[in-house]
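Next comes upload-v2.txt, a file with compact mmCIF, C-alpha atoms and all ligand atoms.
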# COMPACT_ATOMS: atom_id res chain seq x y z
CA MET A 1 121.17 98.96 103.04
CA SER A 2 118.52 96.27 103.41
CA THR A 3 117.12 94.34 100.52
CA GLY A 4 115.25 91.80 102.63
CA LEU A 5 116.01 88.13 103.30
CA PRO A 6 115.91 85.53 100.50
CA GLY A 7 112.43 84.05 100.26
CA LYS A 8 110.89 86.86 102.33
CA GLN A 9 108.78 89.43 100.54
CA LEU A 10 110.45 92.83 100.77
CA ASN A 11 108.33 95.38 102.56
CA VAL A 12 108.83 98.99 101.37
CA THR A 13 107.03 102.15 102.46
CA VAL A 14 107.14 105.01 99.96
CA ILE A 15 106.45 108.45 101.42
CA GLY A 16 105.11 110.76 98.72
CA ALA A 17 102.84 110.10 95.74
CA GLY A 18 104.16 112.81 93.43
CA ILE A 19 105.47 111.75 90.06
CA VAL A 20 108.73 110.49 91.61
CA GLY A 21 107.29 108.50 94.54
CA ALA A 22 104.38 107.20 92.45
CA ALA A 23 106.72 105.97 89.71
CA ILE A 24 108.95 104.24 92.27
CA ALA A 25 105.98 102.64 94.04
CA CYS A 26 104.59 101.38 90.74
CA SER A 27 107.93 99.89 89.73
CA LEU A 28 108.46 98.26 93.16
CA ALA A 29 104.96 96.77 93.22
CA GLN A 30 105.44 95.38 89.71
CA ARG A 31 108.56 93.63 91.00
CA GLY A 32 106.57 91.89 93.73
CA VAL A 33 107.50 94.16 96.62
CA ALA A 34 104.90 94.61 99.37
CA ALA A 35 104.65 98.37 98.91
CA THR A 36 102.79 100.91 101.02
CA VAL A 37 102.42 104.45 99.66
CA ILE A 38 101.63 107.27 102.06
CA ASP A 39 100.77 110.81 101.00
CA LYS A 40 99.45 113.66 103.10
CA GLY A 41 97.36 114.75 100.09
CA ARG A 42 96.42 113.20 96.76
CA PRO A 43 98.68 111.68 94.04
CA GLY A 44 100.43 114.40 92.03
CA GLY A 45 99.14 117.17 94.29
CA GLY A 46 102.56 118.57 95.30
CA ALA A 47 105.20 120.14 93.01
CA THR A 48 103.99 117.73 90.33
CA SER A 49 100.72 119.67 89.96
CA HIS A 50 102.63 122.95 89.41
CA SER A 51 105.09 121.58 86.90
CA PHE A 52 105.46 122.94 83.39
CA ALA A 53 106.24 119.29 82.59
CA TRP A 54 108.62 119.81 79.69
CA ILE A 55 110.40 116.49 79.18
CA ASN A 56 113.86 117.48 78.05
CA ALA A 57 117.61 117.16 78.15
CA THR A 58 117.96 120.52 76.40
CA ALA A 59 118.40 122.72 79.45
CA LYS A 60 120.62 120.33 81.41
CA HIS A 61 124.36 120.52 82.03
CA PRO A 62 127.09 119.37 82.53
CA VAL A 63 127.13 116.57 79.98
CA SER A 64 126.75 113.82 82.63
CA TYR A 65 123.49 115.38 83.88
CA HIS A 66 122.38 116.04 80.30
CA ASN A 67 122.91 112.35 79.49
CA PHE A 68 121.10 111.32 82.68
CA ASN A 69 118.05 113.32 81.58
CA ARG A 70 118.32 112.08 78.04
CA ARG A 71 118.28 108.48 79.19
CA SER A 72 115.05 109.11 81.11
CA LEU A 73 113.51 111.03 78.20
CA GLY A 74 114.12 107.95 76.09
CA MET A 75 112.21 105.81 78.62
CA TRP A 76 109.03 107.91 78.71
CA ASP A 77 107.24 106.22 75.77
CA ARG A 78 107.49 102.76 77.32
CA PHE A 79 106.78 104.09 80.79
CA ALA A 80 103.58 105.87 79.66
CA LYS A 81 102.45 102.89 77.59
CA GLY A 82 102.70 100.69 80.68
CA LEU A 83 100.20 102.94 82.47
CA ASN A 84 97.43 101.96 80.02
CA VAL A 85 95.83 105.42 79.98
CA ASP A 86 96.49 108.62 78.04
CA VAL A 87 98.69 110.70 80.36
CA GLY A 88 99.16 113.39 77.73
CA LEU A 89 102.62 112.33 76.61
CA ARG A 90 103.27 114.21 73.37
CA TRP A 91 106.48 114.69 71.42
CA GLY A 92 107.19 117.39 68.84
CA GLY A 93 110.21 119.16 70.19
CA GLN A 94 110.99 122.57 71.62
CA MET A 95 111.55 125.71 69.57
CA GLU A 96 113.14 128.82 70.99
CA TRP A 97 114.01 132.06 69.30
CA ALA A 98 115.77 135.31 70.15
CA ALA A 99 115.07 138.91 69.22
CA THR A 100 118.47 140.47 70.01
CA ALA A 101 122.07 139.98 68.84
CA GLU A 102 123.03 138.86 72.34
CA GLY A 103 120.18 136.33 72.41
CA ALA A 104 121.23 135.00 69.01
CA ALA A 105 124.81 134.45 70.18
CA ASP A 106 123.50 132.58 73.23
CA LEU A 107 121.28 130.29 71.11
CA GLU A 108 124.11 129.61 68.67
CA SER A 109 126.47 128.56 71.44
CA ARG A 110 123.79 126.43 73.12
CA ALA A 111 122.99 124.67 69.84
CA ALA A 112 126.69 124.00 69.24
CA GLN A 113 127.04 122.57 72.76
CA LEU A 114 124.01 120.28 72.39
CA GLN A 115 125.21 119.11 68.99
CA ALA A 116 128.65 118.35 70.46
CA TRP A 117 126.85 116.21 73.06
CA GLY A 118 125.02 114.42 70.25
CA TYR A 119 121.60 115.90 71.08
CA PRO A 120 119.64 116.82 67.97
CA CYS A 121 119.34 120.61 68.04
CA ARG A 122 119.58 122.85 65.00
CA MET A 123 119.39 126.47 63.98
CA LEU A 124 116.30 127.49 62.01
CA ASP A 125 115.79 130.46 59.72
CA ARG A 126 112.50 132.33 59.60
CA ALA A 127 111.11 130.28 56.72
CA GLN A 128 111.95 127.03 58.51
CA MET A 129 110.28 128.32 61.67
CA ALA A 130 107.11 129.10 59.73
CA GLN A 131 107.17 125.71 58.03
CA LEU A 132 107.62 123.89 61.34
CA GLU A 133 105.02 125.91 63.21
CA PRO A 134 102.62 127.89 61.03
CA GLY A 135 100.53 128.82 64.10
CA LEU A 136 103.21 131.14 65.47
CA SER A 137 103.70 134.83 64.88
CA PRO A 138 107.31 135.28 66.06
CA ARG A 139 107.77 139.02 65.26
CA GLN A 140 111.47 140.02 65.50
CA VAL A 141 113.82 137.02 65.06
CA THR A 142 117.63 137.14 65.26
CA ALA A 143 118.11 133.35 65.64
CA ALA A 144 116.06 130.25 66.43
CA ILE A 145 116.82 126.72 67.58
CA TYR A 146 114.80 123.52 67.43
CA CYS A 147 115.41 120.53 69.73
CA GLU A 148 113.34 117.80 68.18
CA LEU A 149 113.45 115.16 70.94
CA ASP A 150 111.72 117.19 73.66
CA GLY A 151 108.17 116.46 74.77
CA MET A 152 105.53 117.11 77.40
CA VAL A 153 103.17 115.16 79.65
CA GLU A 154 100.41 115.67 82.20
CA PRO A 155 102.39 114.65 85.29
CA ALA A 156 99.48 114.58 87.75
CA LEU A 157 97.66 112.14 85.46
CA ALA A 158 100.84 110.06 85.27
CA ALA A 159 101.23 110.05 89.06
CA GLU A 160 97.59 108.99 89.51
CA ALA A 161 98.02 106.24 86.91
CA CYS A 162 101.19 105.00 88.65
CA ILE A 163 99.34 104.81 91.97
CA ARG A 164 96.48 102.89 90.34
CA ALA A 165 98.99 100.49 88.76
CA ALA A 166 100.80 100.06 92.09
CA ALA A 167 97.48 99.28 93.80
CA LYS A 168 96.67 96.77 91.07
CA HIS A 169 99.93 95.02 91.93
CA GLY A 170 98.97 94.85 95.59
CA ALA A 171 100.34 98.11 97.00
CA ALA A 172 98.50 99.60 100.00
CA ILE A 173 97.69 103.26 99.30
CA ARG A 174 97.14 105.65 102.19
CA LEU A 175 96.17 109.11 101.02
CA ASP A 176 95.38 112.19 103.13
CA THR A 177 97.70 110.66 105.70
CA GLN A 178 100.66 112.63 107.01
CA VAL A 179 103.89 110.98 108.13
CA THR A 180 104.74 112.48 111.50
CA SER A 181 107.78 110.47 112.55
CA LEU A 182 110.30 108.02 111.23
CA LYS A 183 112.40 105.69 113.40
CA VAL A 184 115.16 103.64 111.80
CA ASP A 185 117.71 101.10 113.00
CA SER A 186 119.96 98.73 111.07
CA GLU A 187 117.19 96.14 110.63
CA SER A 188 114.01 98.05 109.93
CA ALA A 189 112.15 101.31 109.87
CA VAL A 190 108.93 102.39 111.52
CA VAL A 191 106.84 105.13 109.99
CA ALA A 192 104.20 106.85 112.10
CA ALA A 193 101.32 108.10 109.97
CA GLY A 194 97.65 108.75 110.62
CA GLY A 195 97.89 107.41 114.18
CA GLU A 196 99.41 104.10 113.03
CA SER A 197 102.91 102.64 113.11
CA ILE A 198 103.94 100.96 109.86
CA ASP A 199 106.97 98.64 109.82
CA ALA A 200 109.12 98.43 106.71
CA ASP A 201 112.39 96.89 105.56
CA VAL A 202 113.06 100.05 103.53
CA VAL A 203 111.51 103.51 103.54
CA VAL A 204 111.69 105.60 100.37
CA LEU A 205 111.59 109.34 100.99
CA ALA A 206 109.93 110.93 97.95
CA GLY A 207 108.35 113.87 99.74
CA GLY A 208 109.58 116.58 97.33
CA VAL A 209 110.31 119.84 99.16
CA ASP A 210 109.35 118.09 102.42
CA ASN A 211 112.17 115.59 101.98
CA THR A 212 114.52 117.80 103.99
CA ARG A 213 112.18 117.57 107.01
CA LEU A 214 111.50 113.86 106.47
CA ALA A 215 115.21 113.06 106.13
CA ALA A 216 115.95 115.01 109.33
CA MET A 217 113.58 112.62 111.18
CA ALA A 218 116.08 109.87 110.33
CA GLY A 219 119.13 112.02 111.16
CA ILE A 220 119.96 112.71 107.49
CA THR A 221 120.90 116.16 106.22
CA ILE A 222 119.59 117.02 102.73
CA PRO A 223 119.65 120.79 102.26
CA GLN A 224 117.39 122.38 99.68
CA GLU A 225 117.05 125.90 98.40
CA ASP A 226 113.78 127.73 98.17
CA SER A 227 112.74 127.59 94.51
CA PRO A 228 109.33 129.15 93.91
CA GLY A 229 107.91 129.12 90.39
CA VAL A 230 104.71 130.28 88.72
CA VAL A 231 103.10 128.66 85.69
CA ILE A 232 99.64 129.97 84.87
CA ARG A 233 96.88 128.27 82.92
CA THR A 234 94.17 129.34 80.53
CA ASN A 235 90.69 127.99 80.01
CA PRO A 236 90.59 125.00 77.61
CA ILE A 237 91.01 126.15 74.01
CA ALA A 238 89.21 123.99 71.48
CA GLN A 239 91.70 124.45 68.63
CA PRO A 240 95.27 123.11 68.74
CA LEU A 241 97.64 126.03 69.35
CA PHE A 242 100.53 124.28 67.62
CA THR A 243 100.76 121.96 64.65
CA ASN A 244 104.02 120.23 65.48
CA LEU A 245 105.76 121.60 68.55
CA SER A 246 105.20 120.55 72.13
CA VAL A 247 107.04 123.42 73.87
CA VAL A 248 107.74 127.00 72.78
CA TYR A 249 110.19 129.48 74.31
CA ALA A 250 109.69 133.04 73.06
CA PRO A 251 111.78 136.13 73.76
CA SER A 252 110.71 139.02 75.92
CA LEU A 253 108.85 141.80 74.13
CA GLU A 254 110.62 144.44 76.23
CA PRO A 255 114.28 144.64 77.23
CA GLY A 256 115.00 143.38 80.73
CA ARG A 257 111.95 141.09 80.92
CA PRO A 258 112.36 137.30 81.03
CA GLU A 259 111.47 135.08 78.09
CA ILE A 260 108.17 133.18 78.23
CA HIS A 261 107.47 129.50 77.70
CA LEU A 262 104.24 127.79 76.87
CA ARG A 263 102.61 124.54 75.89
CA GLN A 264 99.09 123.24 75.36
CA CYS A 265 97.82 120.61 77.79
CA LEU A 266 95.75 117.51 77.10
CA ASP A 267 92.52 119.31 78.09
CA GLY A 268 93.24 122.17 75.64
CA SER A 269 94.32 124.69 78.27
CA ALA A 270 97.65 126.44 77.82
CA MET A 271 100.38 126.65 80.47
CA ILE A 272 102.50 129.79 80.43
CA GLY A 273 105.58 130.59 82.54
CA GLU A 274 108.45 133.03 82.29
CA GLY A 275 112.21 132.76 82.56
CA THR A 276 114.08 129.46 82.68
CA GLN A 277 113.08 126.25 84.46
CA GLU A 278 115.01 127.49 87.50
CA SER A 279 113.79 131.12 87.56
CA LEU A 280 112.35 132.28 90.86
CA ALA A 281 108.85 133.75 90.64
CA ARG A 282 106.34 134.58 93.34
CA ASP A 283 103.69 136.71 91.65
CA ASP A 284 100.61 134.50 91.40
CA SER A 285 98.16 137.38 91.07
CA GLN A 286 95.40 137.62 88.47
CA ALA A 287 97.09 140.75 87.07
CA HIS A 288 100.34 138.87 86.46
CA ALA A 289 98.47 135.93 84.90
CA ASP A 290 96.64 138.36 82.57
CA GLU A 291 99.95 139.94 81.62
CA LEU A 292 101.64 136.59 80.87
CA LEU A 293 98.71 135.57 78.67
CA ALA A 294 98.76 138.91 76.84
CA ARG A 295 102.48 138.49 76.14
CA ALA A 296 102.02 134.92 74.92
CA ALA A 297 99.09 135.94 72.70
CA GLU A 298 101.40 138.35 70.83
CA TYR A 299 103.20 135.27 69.51
CA VAL A 300 100.41 132.70 69.48
CA PRO A 301 97.32 134.14 67.81
CA GLY A 302 95.28 131.11 68.89
CA LEU A 303 95.45 132.46 72.47
CA LYS A 304 93.52 135.64 71.64
CA GLY A 305 90.22 135.62 73.54
CA ALA A 306 91.42 133.06 76.12
CA SER A 307 91.17 133.84 79.83
CA ALA A 308 94.08 133.60 82.25
CA ILE A 309 93.72 131.45 85.36
CA PRO A 310 96.29 132.23 88.06
CA VAL A 311 97.90 129.24 89.76
CA PRO A 312 99.38 129.54 93.27
CA VAL A 313 103.18 129.55 93.53
CA GLY A 314 104.67 126.06 93.23
CA TYR A 315 107.90 125.07 94.97
CA ARG A 316 110.41 122.99 93.06
CA PRO A 317 112.19 120.27 95.00
CA MET A 318 115.70 121.72 94.70
CA PRO A 319 118.73 120.12 96.36
CA LEU A 320 121.24 122.82 97.31
CA ASP A 321 123.61 122.01 94.45
CA GLY A 322 120.76 121.60 91.94
CA PHE A 323 121.42 117.90 91.27
CA PRO A 324 119.34 114.84 92.21
CA VAL A 325 119.74 113.11 95.57
CA ILE A 326 119.16 109.39 94.99
CA GLY A 327 120.17 106.34 96.98
CA PHE A 328 120.47 104.78 100.41
CA SER A 329 121.83 107.03 103.11
CA PRO A 330 124.96 105.80 104.92
CA LYS A 331 123.50 107.44 108.03
CA ALA A 332 120.29 105.39 107.93
CA PRO A 333 120.84 102.31 105.77
CA ASN A 334 117.15 101.49 105.40
CA VAL A 335 116.25 104.92 104.09
CA TYR A 336 116.31 105.49 100.33
CA LEU A 337 116.18 109.11 99.15
CA ALA A 338 114.62 110.29 95.90
CA LEU A 339 114.70 114.05 95.58
CA THR A 340 115.16 115.99 92.38
CA HIS A 341 114.32 118.96 90.26
CA SER A 342 113.19 117.93 86.74
CA GLY A 343 111.39 115.04 88.36
CA VAL A 344 108.92 114.87 85.51
CA THR A 345 111.69 114.22 83.00
CA LEU A 346 113.54 111.94 85.40
CA ALA A 347 110.77 109.84 87.00
CA PRO A 348 111.01 106.78 84.70
CA LEU A 349 114.77 106.48 85.14
CA ILE A 350 114.76 107.15 88.88
CA ALA A 351 112.01 104.54 89.37
CA GLN A 352 113.97 101.95 87.41
CA LEU A 353 117.31 102.58 89.12
CA ALA A 354 115.82 102.85 92.61
CA THR A 355 114.07 99.50 92.09
CA MET A 356 117.34 97.87 91.05
CA GLU A 357 119.09 99.22 94.13
CA ILE A 358 116.27 98.40 96.57
CA VAL A 359 115.16 95.03 95.21
CA ASP A 360 118.28 93.62 93.55
CA GLY A 361 120.85 95.17 95.87
CA ALA A 362 122.59 96.77 92.87
CA GLN A 363 124.83 99.79 93.24
CA VAL A 364 124.26 101.77 90.08
CA ASP A 365 127.39 103.64 88.97
CA LEU A 366 125.24 106.11 87.05
CA LEU A 367 124.05 107.46 90.42
CA TYR A 368 127.55 108.03 91.78
CA ASP A 369 127.37 111.84 91.48
CA TYR A 370 123.94 111.98 93.07
CA ARG A 371 124.44 110.16 96.36
CA PRO A 372 122.95 111.58 99.58
CA SER A 373 126.33 111.23 101.32
CA ARG A 374 127.69 114.33 99.54
CA PHE A 375 125.82 116.46 102.09
CA ASP A 376 127.17 114.61 105.17
C1 LIG B 401 106.88 125.79 88.54
C2 LIG B 401 107.54 124.46 88.26
C3 LIG B 401 107.90 124.12 86.97
C4 LIG B 401 108.54 122.89 86.71
N1 LIG B 401 108.82 122.54 85.43
C5 LIG B 401 109.37 121.33 85.17
C6 LIG B 401 109.58 120.92 83.82
O1 LIG B 401 109.28 121.62 82.88
N2 LIG B 401 110.14 119.69 83.61
C7 LIG B 401 110.47 118.84 84.66
O2 LIG B 401 110.97 117.74 84.41
N3 LIG B 401 110.27 119.21 85.95
C8 LIG B 401 109.74 120.43 86.22
N4 LIG B 401 109.50 120.82 87.50
C9 LIG B 401 109.98 119.96 88.59
C10 LIG B 401 109.08 118.78 88.82
O3 LIG B 401 107.74 119.18 88.81
C11 LIG B 401 109.43 118.14 90.16
O4 LIG B 401 110.80 117.76 90.18
C12 LIG B 401 108.59 116.90 90.42
O5 LIG B 401 107.22 117.20 90.33
C13 LIG B 401 108.91 116.38 91.80
O6 LIG B 401 108.07 115.28 92.06
P1 LIG B 401 108.10 114.61 93.49
O7 LIG B 401 107.25 113.42 93.41
O8 LIG B 401 109.52 114.44 93.93
O9 LIG B 401 107.53 115.74 94.47
P2 LIG B 401 106.02 116.21 94.72
O10 LIG B 401 105.23 116.24 93.49
O11 LIG B 401 106.10 117.48 95.50
O12 LIG B 401 105.44 115.06 95.62
C14 LIG B 401 105.81 114.91 96.97
C15 LIG B 401 104.64 114.31 97.71
O13 LIG B 401 105.04 114.03 99.04
C16 LIG B 401 103.94 114.27 99.89
N5 LIG B 401 104.44 114.48 101.25
C17 LIG B 401 105.35 115.39 101.66
N6 LIG B 401 105.54 115.31 103.00
C18 LIG B 401 104.76 114.29 103.43
C19 LIG B 401 104.51 113.74 104.72
N7 LIG B 401 105.11 114.19 105.82
N8 LIG B 401 103.62 112.73 104.81
C20 LIG B 401 102.98 112.25 103.72
N9 LIG B 401 103.18 112.76 102.47
C21 LIG B 401 104.06 113.76 102.33
C22 LIG B 401 103.28 115.50 99.29
O14 LIG B 401 101.91 115.59 99.67
C23 LIG B 401 103.47 115.28 97.80
O15 LIG B 401 102.32 114.71 97.17
C24 LIG B 401 108.83 122.01 87.79
C25 LIG B 401 108.42 122.34 89.08
C26 LIG B 401 107.75 123.55 89.32
C27 LIG B 401 107.29 123.85 90.72
Would you mind writing the file out in structure tokens?
Ligand SMILES: Cc1cc2nc3c(=O)[nH]c(=O)nc-3n(C[C@H](O)[C@H](O)[C@H](O)COP(=O)(O)OP(=O)(O)OC[C@H]3O[C@@H](n4cnc5c(N)ncnc54)[C@H](O)[C@@H]3O)c2cc1C
Amino acid sequence: MSTGLPGKQLNVTVIGAGIVGAAIACSLAQRGVAATVIDKGRPGGGATSHSFAWINATAKHPVSYHNFNRRSLGMWDRFAKGLNVDVGLRWGGQMEWAATAEGAADLESRAAQLQAWGYPCRMLDRAQMAQLEPGLSPRQVTAAIYCELDGMVEPALAAEACIRAAAKHGAAIRLDTQVTSLKVDSESAVVAAGGESIDADVVVLAGGVDNTRLAAMAGITIPQEDSPGVVIRTNPIAQPLFTNLSVVYAPSLEPGRPEIHLRQCLDGSAMIGEGTQESLARDDSQAHADELLARAAEYVPGLKGASAIPVPVGYRPMPLDGFPVIGFSPKAPNVYLALTHSGVTLAPLIAQLATMEIVDGAQVDLLYDYRPSRFD
């Protein structure tokens, strides 16, 4: 690991301007690091632009990973405030209900587990559901839960704002510039990008799904699984769809079909996906988008008359064991990895901890389970 010599300004190249890389670059630049950010596209244009962007610790286990997410969730207010622009951060919680006896048993056990972990989550009856969210038409209900801490954000806006803030603190930003090679030794790293060679004390790999390829350039093995997901959009809807909630999970209308989830974005459009946050989906056709919207409109009358806009399949950064990969690699001590699913929830925490490890030379115990060396 290299944290630079005393008195010498640390020089860090961050590869990737998604929500994770952008947050790290912003945090490093604010600490006085000479940061360079390189992205082959635009800020937030990778997985970040496909994200449902539910900020939560609700769907995270075991308890250590739940707590990790919860800590980051608790940082989002301050993080967003520091960006000095509305990035669509909204709280209100997540409500989910079931329409079968089996679904009810699942929700009851999940609520009990979250309560045991100290995460506010409670069962609602039908009257409480209606009181909390009068805009919903839930049809058959066997049980419902409400997790009040959960929120949502516009992650591409947040990534753009982080890059602007990093630039304001002196970071060099190179967009539409692809990193083609990475050479590291014990003293430094050289990144080849856009026909140039850029020297750095530390290189942060925040390339999302491309991190496996980028890490391999430095002799590091970080396996990922293919994790395609589809979240469609609608045209902007003038009226608020929900009074209180930020995220809604509704049961399938037919047996054997996945549940759907939806939220309303800052521009009024709705995002609709199906299944869990890890479900694999590849159908990005107009027909499928129309069908998802029709299903959502059964529950959310405010969606009637909206048009569905298909969004191409997005690929989640997904380390093989599903958990984040964060930290310096023992194989290439000047390379810091930042790869994770749930990167929208986790960006503020990852940025803070990565900065402490890169700038202060700290070794954060909280990251012990998430070290790159577990794949060596
Ligand atoms: C369908 C879907 C739903 C999701 N829902 C949620 C959710 O509800 N809540 C949540 O917290 N998370 C969710 N996620 C996950 C979350 O979006 C990601 O974890 C997060 O966006 C990852 O951010 P990142 O910055 O690591 O990667 P990315 O956003 O992919 O950014 C990586 C960047 O690296 C750049 N790059 C790659 N290779 C190179 C190279 N060689 N040279 C230069 N630049 C390069 C890319 O251009 C890209 O901009 C979801 C993801 C998907 C796909």
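Checking A:Lys331, A:Arg122, A:Lys81, A:Arg31 one by one against A:Val184, counting all atoms listed in the file, you find the shortest gap at A:Lys331.
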What are the closest atom pairs, with distances in Å to one decimal, for all residues of chain A lying within 6 Å of ligand LIG 401 (chain B)? Consider only C-alpha atoms and all ligand atoms, order rows by chain and residue number, and present the result as CSV.
residue,atom,partner,partner_atom,distance
A:Ile15,CA,B:LIG401,N9,5.5
A:Gly16,CA,B:LIG401,O13,3.3
A:Ala17,CA,B:LIG401,O15,4.9
A:Gly18,CA,B:LIG401,O7,3.1
A:Ile19,CA,B:LIG401,O7,4.1
A:Val20,CA,B:LIG401,O7,3.7
A:Gly21,CA,B:LIG401,O7,5.0
A:Ile38,CA,B:LIG401,C20,5.4
A:Asp39,CA,B:LIG401,N9,3.4
A:Lys40,CA,B:LIG401,C20,3.9
A:Gly41,CA,B:LIG401,O14,4.6
A:Pro43,CA,B:LIG401,O15,5.7
A:Gly44,CA,B:LIG401,O10,5.3
A:Gly45,CA,B:LIG401,O15,4.9
A:Gly46,CA,B:LIG401,O11,3.7
A:Ala47,CA,B:LIG401,O11,3.8
A:Thr48,CA,B:LIG401,O5,3.3
A:His50,CA,B:LIG401,C27,4.9
A:Ser51,CA,B:LIG401,C4,3.7
A:Phe52,CA,B:LIG401,N1,4.0
A:Ala53,CA,B:LIG401,O1,3.8
A:Trp54,CA,B:LIG401,O1,3.7
A:Ile55,CA,B:LIG401,O2,5.4
A:Thr177,CA,B:LIG401,C20,5.9
A:Gln178,CA,B:LIG401,N8,3.7
A:Val179,CA,B:LIG401,N8,3.8
A:Thr180,CA,B:LIG401,N7,5.9
A:Ala206,CA,B:LIG401,O8,5.4
A:Gly207,CA,B:LIG401,O13,3.4
A:Gly208,CA,B:LIG401,O9,3.6
A:Asp210,CA,B:LIG401,N6,4.8
A:Gly229,CA,B:LIG401,C1,3.9
A:Val230,CA,B:LIG401,C1,5.0
A:Val231,CA,B:LIG401,C1,5.5
A:Gln277,CA,B:LIG401,N1,5.7
A:Gly314,CA,B:LIG401,C27,4.2
A:Tyr315,CA,B:LIG401,C27,4.5
A:Arg316,CA,B:LIG401,C27,4.0
A:Pro317,CA,B:LIG401,O4,5.6
A:Leu339,CA,B:LIG401,O8,5.5
A:Thr340,CA,B:LIG401,O4,5.2
A:His341,CA,B:LIG401,O4,3.7
A:Ser342,CA,B:LIG401,O2,3.2
A:Gly343,CA,B:LIG401,O4,3.3
A:Val344,CA,B:LIG401,O2,3.7
A:Thr345,CA,B:LIG401,O2,3.9
Report, in Å to a single decimal, how far apart atom CA of A:Tyr146 and atom CA of A:Cys121 are. 5.4 Å
Ref. answer, residues at most 12 Å from (127.1, 118.2, 85.5) with all atoms listed in the file, as a PyMOL selection string: chain A and resi 59-69+321-324+368-370
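Here atom CA of A:Gln94 is placed at a distance of 5.6 Å from atom CA of A:Val248.
Around A:Ala306, within 9 Å and counting only C-alpha atoms, the residues found are Thr234, Asn235, Pro236, Ile237, Leu293 and Ala297 of chain A, once anything fewer than 5 positions away on its own chain is removed.
Comparing A:Gly170, A:Gly268, A:Gly275, A:Pro155 by their smallest distance to A:Cys26, the closest is A:Gly170 (using all atoms listed in the file).
Shortest atom-to-atom contact with A:Thr243 among A:Pro348, A:Pro120, A:Gly93, A:Pro134: A:Pro134, counting all atoms listed in the file.
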Select, counting all atoms listed in the file, all protein, DNA and RNA residues no farther than 10 Å from (104.0, 98.1, 94.4) in file coordinates, and express the selection as a PyMOL selection string. chain A and resi 11-14+22-37+162-173
With only C-alpha atoms as the basis for distance, which of A:Gly74, A:Pro301, A:Gly195, A:Gly92 is at the shortest distance from A:Asn244? A:Gly92
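Interatomic distance, atom CA of A:Val311 against atom CA of A:Ala57: 25.9 Å.
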Env of A:Ala104: 12 Å cut, atoms = only C-alpha atoms, seq-sep filter 2 positions within chain, self excluded. Answer as a list of chain:residue names. A:Glu96, A:Trp97, A:Ala98, A:Ala99, A:Thr100, A:Ala101, A:Glu102, A:Asp106, A:Leu107, A:Glu108, A:Ser109, A:Arg110, A:Ala111, A:Met123, A:Leu124, A:Asp125, A:Gln140, A:Val141, A:Thr142, A:Ala143, A:Ala144, A:Ile145, A:Pro251
Please provide as a PyMOL selection string all residues within 9 Å of A:Thr276, with the sequence filter that same-chain residues fewer than 6 positions apart are discarded (counting only C-alpha atoms). chain A and resi 59+258-261
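When all atoms listed in the file are used to measure the gap to A:Asn334, the shortest distance among A:Glu254, A:Glu187, A:Asp86, A:Glu148 belongs to A:Glu187.
For the set A:Val335, A:Ala294, A:Ala351, A:Leu157, the residue with the smallest atom-to-atom gap to A:Asp267 is A:Leu157, counting only C-alpha atoms.
Proximity to A:Tyr299 at 6 Å, evaluated using all atoms listed in the file and with sequence-adjacent residues fewer than 4 positions away removed, yields Leu136, Ser137 and Pro138 of chain A.
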Residues within 9 Å of A:Pro223, please, as a ChimeraX atom specification. Count only C-alpha atoms; anything in the same chain fewer than 3 positions from it doesn't count. /A:212,318-321,375
